[in-house]
Amino acid sequence: MKTLITLMKREYMEHKVSTFWFPVVFSVIAFVSFAILAIYGVASGSGEISFGEELADGTFIGANAVISVVCHVMAALAFMTVILVQSAYFLGSLYDDRKDQSIIFWRSLPVAEWQTITSKFLYGSLVLPLFYFASAVVVAIASLILGAILMGDKVDGLLTFAWIIEPIKVLVAIVPIAIWLMPVWIYLMCASALAKRLPIIYAAAPFVVLSIIWGISHAMNINLGIATFFDSVISYLGRFFLEQFEMGSGDDLEVVAFPALHWQFLLNWQQLVGSLVATGLAFSALKLRQRSETV
Amino acid sequence: MYIQATNVVKAYDQQQVLHNVDLTLDAGQVLGLVGPNGAGKSTLLQAILGLTNYQGDIQVLGKNPSREREKMLEHVAYIADIAVLPRWMRVADSLVLMQQLHPRFDVSVATELLSRTDIKHKAKVKALSKGMKAQLHLALIMAIDAKVLILDEPTLGLDITTRKRFLSDLMAHCYGEDKAIIITTHQIDEVEQVLTHVAFIKQGKIINHNPMDEIADRYQQLTVSDSVAGELEQFNPIARESFMGRTTLMFDGVSRTELSAFGHPQQAKLSDIFVALMEDAA
């Protein structure tokens, strides 16, 4: 365990810019943008800054719902960003040290390859998004506080546990999201371990080849099951987006920006198959890493 | 036996790099692995460390380097012949990581070794000169209390002063009766004094593996006038070099007594033996 933690610390040292500074910069930009708009809106009277949704009867929905909406919307934006950062991280995870030959240095230390792979997976799937989600939550809370200050007496029910619960819900969502995306990340690690140059080409190549084969077989009216495979992949990855955002109204408003917040999201046959695929891919990544040399 | 390599074969694509190599290393030995560029030195060392696939049998401290690499590496330290320290790393990071990843790393030794250099702890590896990178790597490796130290061109890029200091540090920190060292270098004359054994490798084959004592007794050099040189042909010299009317000949297995009749024989330097053997085996 100590080795794994140290290896993750190593990942942080190596990827400090994308792990720490990127979310910090994005957060500052997001908050400053919000602050300028909010202050300008209030000062000019041209825009109504409401801490809560004004309903048809002239009342405002409660703070709980607004805190929930803002936290989850910010987290959803962070998710869109971090998923790109994670993709880049995993594509380079087992390639970069072979390219700069530092793999020889790491391999001269008493560290097993499974520990290296595990630390990279845990770092990329949990630690990286943790920084992005945490910064999103901080921006959300800071924006809400600023909004509350600007709104003054229009605020309804500000003293609520939602300030604590909603951020925690967002941060906890990182775990089911990591489980859901596990086959994707480990697939990219396999491509990274196999690549002799540009891992993204190795990652895309099987899909390009399958698409070509599908095109030919489709023209020849032969069913090779490739379309079913593509449908399964799209269905697996798409369910996150398809199930996003369910809202009620008033204080009953429930934002499900992350279906993964509900662990039932993971309890289905698709996830079972995805986890099995991820396990097989993890074994492949380990074997590829053990056999890989510098590039 | 600390290292026992038997019938080691390695090929890259169609090219065979190691041909049935046998090599042994025992406690208290400092083995110089000497050979020209491309002879297979680095490949052999990487096979010994389990860093590359190979055929044959290798045991390091009783462990198979391919299957038990991480256990083996608790007692084996290694420097590659190329700059392999991660470029993103700071010097201070390297100390922290080594301390936490290597159970036999002594950070106080590394810090003390680094204090004798111009390397700043805040510096990033990518900002260091080639020589500084080598010094940092040496400090990290010499701070490991390893039973076996494998050094592949460790002084590459270092100036003469630093090379000399490295050798004295190496013997002070890393040599002992329960330790063993393999070292490859092109500065043969500089390491000669610390070697207990030498193995010459050429085109993937070990052509000579002997204790330095035997080497000293076995190879003699004699410089005579060109007119006398012909008479010495009866001893089958393995190398000869003429310059301004004088010829220097090297002999393998000819006694000093026999050669003394022609002049003052001297123990051949390792670098001269290396050149002679490489040309002889060509």
# chains A, B, ... in the order shown; residues from 1 in each chain; ligands from 1
call {"tool": "interface_residues", "arguments": {"of": "chain A", "to": "chain B", "cutoff": "6 Å", "atoms": "only C-alpha atoms", "output": "short mmCIF file (atom, residue, chain, number, x, y, z; two decimals) with C-alpha atoms, in the first residue's frame"}}
result
data_model
loop_
_atom_site.label_atom_id
_atom_site.label_comp_id
_atom_site.auth_asym_id
_atom_site.auth_seq_id
_atom_site.Cartn_x
_atom_site.Cartn_y
_atom_site.Cartn_z
CA GLN A 101 13.77 5.99 -21.47
CA SER A 102 13.08 6.74 -17.81
CA PHE A 105 15.33 4.05 -14.06
CA PRO A 110 12.09 -2.79 -6.47
CA VAL A 111 8.62 -2.02 -7.80
CA ALA A 112 6.42 -4.60 -9.54
#
call {"tool": "residues_around", "arguments": {"residues": "B:Lys179", "least_positions_apart": "6", "cutoff": "6 Å", "atoms": "only C-alpha atoms", "output": "PyMOL selection string"}}
result
chain B and resi 27-28+147-148
call {"tool": "residues_around", "arguments": {"residues": "stretch 222-239 of chain B", "least_positions_apart": "2", "cutoff": "8 Å", "atoms": "only C-alpha atoms", "output": "JSON list (two decimals) with N, CA and C atoms, in the first residue's frame"}}
result
[["chain", "number", "residue", "atom", "x", "y", "z"],
["B", 220, "GLN", "N", 52.47, -9.64, -20.84],
["B", 220, "GLN", "CA", 53.67, -8.82, -20.64],
["B", 220, "GLN", "C", 53.94, -8.00, -21.90],
["B", 241, "GLU", "N", 53.71, -2.94, -32.11],
["B", 241, "GLU", "CA", 53.55, -1.57, -32.58],
["B", 241, "GLU", "C", 54.94, -0.95, -32.70],
["B", 242, "SER", "N", 55.23, -0.43, -33.87],
["B", 242, "SER", "CA", 56.56, 0.16, -34.09],
["B", 242, "SER", "C", 56.45, 1.67, -34.16],
["B", 245, "GLY", "N", 61.80, 3.48, -34.70],
["B", 245, "GLY", "CA", 62.88, 2.51, -34.53],
["B", 245, "GLY", "C", 62.72, 1.59, -33.33],
["B", 246, "ARG", "N", 61.67, 1.77, -32.59],
["B", 246, "ARG", "CA", 61.43, 0.90, -31.42],
["B", 246, "ARG", "C", 60.11, 0.15, -31.64],
["B", 247, "THR", "N", 60.08, -1.07, -31.23],
["B", 247, "THR", "CA", 58.87, -1.88, -31.37],
["B", 247, "THR", "C", 58.41, -2.37, -29.99],
["B", 248, "THR", "N", 57.13, -2.20, -29.72],
["B", 248, "THR", "CA", 56.57, -2.71, -28.48],
["B", 248, "THR", "C", 55.73, -3.95, -28.81],
["B", 249, "LEU", "N", 56.04, -5.03, -28.13],
["B", 249, "LEU", "CA", 55.32, -6.28, -28.38],
["B", 249, "LEU", "C", 54.60, -6.73, -27.11],
["B", 250, "MET", "N", 53.48, -7.38, -27.30],
["B", 250, "MET", "CA", 52.74, -7.92, -26.15],
["B", 250, "MET", "C", 52.68, -9.44, -26.27],
["B", 251, "PHE", "N", 52.87, -10.09, -25.13],
["B", 251, "PHE", "CA", 52.93, -11.55, -25.13],
["B", 251, "PHE", "C", 51.88, -12.12, -24.19],
["B", 252, "ASP", "N", 51.35, -13.26, -24.60],
["B", 252, "ASP", "CA", 50.35, -13.94, -23.77],
["B", 252, "ASP", "C", 50.95, -15.24, -23.25],
["B", 254, "VAL", "N", 53.89, -15.78, -21.74],
["B", 254, "VAL", "CA", 55.36, -15.92, -21.80],
["B", 254, "VAL", "C", 55.94, -15.37, -20.49],
["B", 259, "LEU", "N", 61.56, -13.31, -21.24],
["B", 259, "LEU", "CA", 61.60, -12.03, -21.95],
["B", 259, "LEU", "C", 62.73, -11.13, -21.44],
["B", 262, "PHE", "N", 65.82, -10.14, -23.35],
["B", 262, "PHE", "CA", 65.76, -9.18, -24.46],
["B", 262, "PHE", "C", 65.58, -7.74, -24.00],
["B", 263, "GLY", "N", 65.25, -7.55, -22.74],
["B", 263, "GLY", "CA", 65.01, -6.18, -22.25],
["B", 263, "GLY", "C", 64.30, -6.22, -20.91],
["B", 264, "HIS", "N", 63.52, -5.17, -20.65],
["B", 264, "HIS", "CA", 62.82, -5.09, -19.36],
["B", 264, "HIS", "C", 61.31, -5.23, -19.57],
["B", 265, "PRO", "N", 60.79, -6.44, -19.46],
["B", 265, "PRO", "CA", 59.33, -6.63, -19.68],
["B", 265, "PRO", "C", 58.52, -5.95, -18.59],
["B", 266, "GLN", "N", 57.37, -5.47, -19.01],
["B", 266, "GLN", "CA", 56.47, -4.80, -18.06],
["B", 266, "GLN", "C", 55.08, -5.42, -18.15],
["B", 276, "ALA", "N", 44.64, -5.38, -27.98],
["B", 276, "ALA", "CA", 45.27, -6.56, -28.58],
["B", 276, "ALA", "C", 44.26, -7.69, -28.76],
["B", 277, "LEU", "N", 43.46, -7.92, -27.74],
["B", 277, "LEU", "CA", 42.49, -9.02, -27.81],
["B", 277, "LEU", "C", 41.41, -8.75, -28.84],
["B", 280, "ASP", "N", 43.02, -9.30, -32.10],
["B", 280, "ASP", "CA", 43.36, -10.71, -32.25],
["B", 280, "ASP", "C", 42.13, -11.55, -32.57]]
call {"tool": "atom_distance", "arguments": {"atom1": "atom CA of A:Thr118", "atom2": "atom CA of A:Leu198"}}
result
22.4 Å
call {"tool": "atom_distance", "arguments": {"atom1": "atom CA of B:Asn20", "atom2": "atom CA of B:Val8"}}
result
4.8 Å
call {"tool": "residues_around", "arguments": {"residues": "A:Ile168", "least_positions_apart": "5", "cutoff": "10 Å", "atoms": "only C-alpha atoms", "output": "ChimeraX atom specification"}}
result
/A:71,134,137,162-163,173
call {"tool": "residues_around", "arguments": {"residues": "A:Ser292", "least_positions_apart": "4", "cutoff": "10 Å", "atoms": "only C-alpha atoms", "output": "list in words"}}
result
Leu94, Tyr95, Arg98, Ile103, Ala193, Leu194, Ala195, Lys196, Leu286, Lys287 and Leu288 of chain A; Leu51, Thr52 and Asn53 of chain B
call {"tool": "atom_distance", "arguments": {"atom1": "atom CA of A:Val17", "atom2": "atom CA of A:Val82"}}
result
12.9 Å
call {"tool": "select_by_dssp", "arguments": {"residues": "stretch 33-280 of chain B", "states": "helix (DSSP H, G or I)", "output": "ChimeraX atom specification"}}
result
/B:41-48,69-72,91-101,107-115,125-127,130-142,160-174,188-194,212-218,226-235,256-260,270-280
